[in-house]
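Novice: My questions will all concern the structure given below.
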Amino acid sequence: MTDPAPDPADLVAAVPGLARYLRPATLLHPYAAPPGADLPLADPPGSRIGGPALWPVGEPWPHCTARHPEEEDGFPRREPGLPAPATALVPLARIRAQDAPHLPWPAATDLLQVLWCPNDHDDIQGERYYYGPAVELHWQRAAELAPATPPAPRHSAEPYLPQPCALRPEQVLDLPDRDELPGELARAVAEFAERQGLEYERDHGRADGWKLGGWPSWHCTDLIPVDCRCGARMTLLLTVESGDDPGLSMGRHGELHVFVCPVDLAHPVGLDIQG
């Protein structure tokens, strides 16, 4: 029998100044489930990864027109200025508000659909050193959506096609990596963890796995602040983890972070892969 994970509240109570770094998060705990496992559709529809799509009746399904480097390997480059052939986005996740109430839900919305282009991109505006899928967020009202059959993507990378999964959402409180903390506070949390016979990074810092909200991991790089084009420091919205369920691979079995602007959710998302 394994010992229960340390409660972040104990660390917060013991280390003055740490409380303001505590963030709510939802661990998603995906598990394989066939596409029809949540039918008939709940009201609002259940949260899941991959699987059935929902979309406003009469609205076109989103497509990506960006360049996909691996698709062009062995073929002549397009002339500068010519758009890339469009490829349909695929549903990555849909999240209902009741499963993650701490997210910055726009007024009158109760469903978030995360779509992505299942290809690598190296020219997403504002992203330094990024090489991975392009991501779109759609904050919607479930009552205005209907089951949809998106077109198949014209081109896709196998590691970016999610297998259908249902979720077991778990509400937690999340603490950051030490890199996110000022020096004196980082030393204090490390010393407290050591007195418990623990390591802060492994036992107290940011929760691992598919996650909404909370803090990102910087296990492969130093801290890379993700800033919006408006100048605001962006906050973590979603962590996509590599693994068997739902069968995705981010880099070398790492994780993808999707950030949003705290000033305006309509601003482009920020992206980072640790892997």
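We label chains A, B, ... in the order they appear in the structure tokens, count residues from 1 in each chain, and number ligands from 1 in the order shown.
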Which range 151-257 of chain A residues have any atom within 8 Å of an atom of range 6-22 of chain A, and for each, what is the nearest pair of atoms with distance in Å to one decimal, counting only C-alpha atoms, rows sorted by chain and number, as a Markdown table?

Specialist:
```
| residue | atom | partner | partner_atom | distance |
| --- | --- | --- | --- | --- |
| A:Leu173 | CA | A:Leu22 | CA | 6.4 |
| A:Asp174 | CA | A:Leu22 | CA | 5.7 |
| A:Leu175 | CA | A:Leu22 | CA | 5.2 |
| A:Pro176 | CA | A:Tyr21 | CA | 7.1 |
| A:Leu185 | CA | A:Leu18 | CA | 7.3 |
| A:Ala188 | CA | A:Val15 | CA | 6.8 |
| A:Val189 | CA | A:Val15 | CA | 6.7 |
| A:Phe192 | CA | A:Leu11 | CA | 7.5 |
| A:Asp203 | CA | A:Pro6 | CA | 6.7 |
| A:His204 | CA | A:Pro8 | CA | 6.3 |
```

Novice: Could you write those residues out with N, CA, C and O atoms, as an mmCIF file, in the first residue's frame?

Specialist:
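What landed in again.cif:
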```
data_model
loop_
_atom_site.group_PDB
_atom_site.id
_atom_site.type_symbol
_atom_site.label_atom_id
_atom_site.label_comp_id
_atom_site.auth_asym_id
_atom_site.auth_seq_id
_atom_site.Cartn_x
_atom_site.Cartn_y
_atom_site.Cartn_z
ATOM 1 N N LEU A 173 -5.425 21.029 -5.478
ATOM 2 C CA LEU A 173 -4.698 22.285 -5.376
ATOM 3 C C LEU A 173 -3.267 22.027 -5.825
ATOM 4 O O LEU A 173 -2.661 21.023 -5.467
ATOM 5 N N ASP A 174 -2.733 22.943 -6.616
ATOM 6 C CA ASP A 174 -1.462 22.720 -7.300
ATOM 7 C C ASP A 174 -0.443 23.768 -6.875
ATOM 8 O O ASP A 174 -0.766 24.959 -6.755
ATOM 9 N N LEU A 175 0.789 23.307 -6.669
ATOM 10 C CA LEU A 175 1.907 24.198 -6.378
ATOM 11 C C LEU A 175 2.895 24.163 -7.540
ATOM 12 O O LEU A 175 2.989 23.167 -8.254
ATOM 13 N N PRO A 176 3.669 25.236 -7.728
ATOM 14 C CA PRO A 176 4.545 25.315 -8.909
ATOM 15 C C PRO A 176 5.863 24.585 -8.732
ATOM 16 O O PRO A 176 6.263 24.196 -7.630
ATOM 17 N N LEU A 185 12.013 31.777 -1.100
ATOM 18 C CA LEU A 185 10.860 30.904 -0.920
ATOM 19 C C LEU A 185 11.159 29.498 -1.440
ATOM 20 O O LEU A 185 10.748 28.497 -0.839
ATOM 21 N N ALA A 188 13.070 27.703 1.165
ATOM 22 C CA ALA A 188 12.241 27.357 2.323
ATOM 23 C C ALA A 188 11.394 26.116 2.052
ATOM 24 O O ALA A 188 11.275 25.240 2.922
ATOM 25 N N VAL A 189 10.807 26.010 0.861
ATOM 26 C CA VAL A 189 9.968 24.841 0.576
ATOM 27 C C VAL A 189 10.831 23.582 0.435
ATOM 28 O O VAL A 189 10.421 22.488 0.844
ATOM 29 N N PHE A 192 11.705 22.459 3.990
ATOM 30 C CA PHE A 192 10.549 21.850 4.651
ATOM 31 C C PHE A 192 10.338 20.424 4.138
ATOM 32 O O PHE A 192 10.112 19.493 4.918
ATOM 33 N N ASP A 203 7.323 15.433 -4.704
ATOM 34 C CA ASP A 203 6.229 15.126 -3.790
ATOM 35 C C ASP A 203 5.269 16.280 -3.535
ATOM 36 O O ASP A 203 4.148 16.056 -3.079
ATOM 37 N N HIS A 204 5.693 17.514 -3.774
ATOM 38 C CA HIS A 204 4.834 18.662 -3.497
ATOM 39 C C HIS A 204 4.542 19.496 -4.745
ATOM 40 O O HIS A 204 3.452 20.044 -4.881
#
```

Novice: Based on DSSP run over this structure's backbone, return all residues of range 48-266 of chain A in alpha helix (DSSP H), as a list of chain:residue names.

Specialist: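 Those residues are A:Pro69, A:Glu70, A:Glu71, A:Glu72, A:Gly183, A:Glu184, A:Leu185, A:Ala186, A:Arg187, A:Ala188, A:Val189, A:Ala190, A:Glu191, A:Phe192, A:Ala193, A:Glu194, A:Arg195.
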
Novice: Extract the full set of strand (DSSP E or B) residues from range 144-190 of chain A according to DSSP on the backbone, and format it as a PyMOL selection string.

Specialist: chain A and resi 146-148+165-166+170-174

Novice: Emit the selected residues as a compact mmCIF listing (two decimals), in the first residue's frame, including C-alpha atoms.

Specialist:
```
# COMPACT_ATOMS: atom_id res chain seq x y z
CA ALA A 146 -25.35 19.27 -32.27
CA PRO A 147 -23.48 16.03 -33.07
CA ALA A 148 -21.16 16.60 -36.02
CA CYS A 165 -11.28 8.37 -23.61
CA ALA A 166 -13.73 9.19 -20.85
CA GLU A 170 -10.49 15.25 -9.69
CA GLN A 171 -10.27 18.69 -8.11
CA VAL A 172 -6.86 19.40 -6.52
CA LEU A 173 -4.70 22.28 -5.38
CA ASP A 174 -1.46 22.72 -7.30
```

Novice: Between A:Pro262, A:Pro52, A:Gly243, A:Pro150, which is the closest to Cys228 in chain A once you count only C-alpha atoms?

Specialist: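 Closest to Cys228 in chain A, using only C-alpha atoms: A:Pro262.
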
Novice: Quick one: pull the distance between CA of Asp110 in chain A and CA of Leu212 in chain A, Å, one decimal.

Specialist: 15.0 Å

Novice: Using only C-alpha atoms, which residue out of A:Leu54, A:Leu167, A:Ala152, A:Leu265 lies closest to Ala232 in chain A?

Specialist: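 Once distances to Ala232 in chain A are computed over only C-alpha atoms, the minimum belongs to A:Leu265.
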
Novice: When you count only C-alpha atoms, which of these residues is closest to Gly275 in chain A: A:Thr235, A:Arg195, A:Gly132, A:Gly213?

Specialist: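 Among the listed residues, the smallest separation from Gly275 in chain A belongs to A:Gly132.
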
Novice: Distance CA of His102 in chain A-CA of Arg23 in chain A, one decimal place?

Specialist: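 One can read the CA of His102 in chain A to CA of Arg23 in chain A distance as 9.2 Å.
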
Novice: Hey, what's within 12 Å of range 157-161 of chain A if we count only C-alpha atoms and toss same-chain stuff fewer than 5 positions away? As a PyMOL selection string, please?

Specialist: chain A and resi 49-51+68-71+89-93+115-121+132-135+152+240-254+256
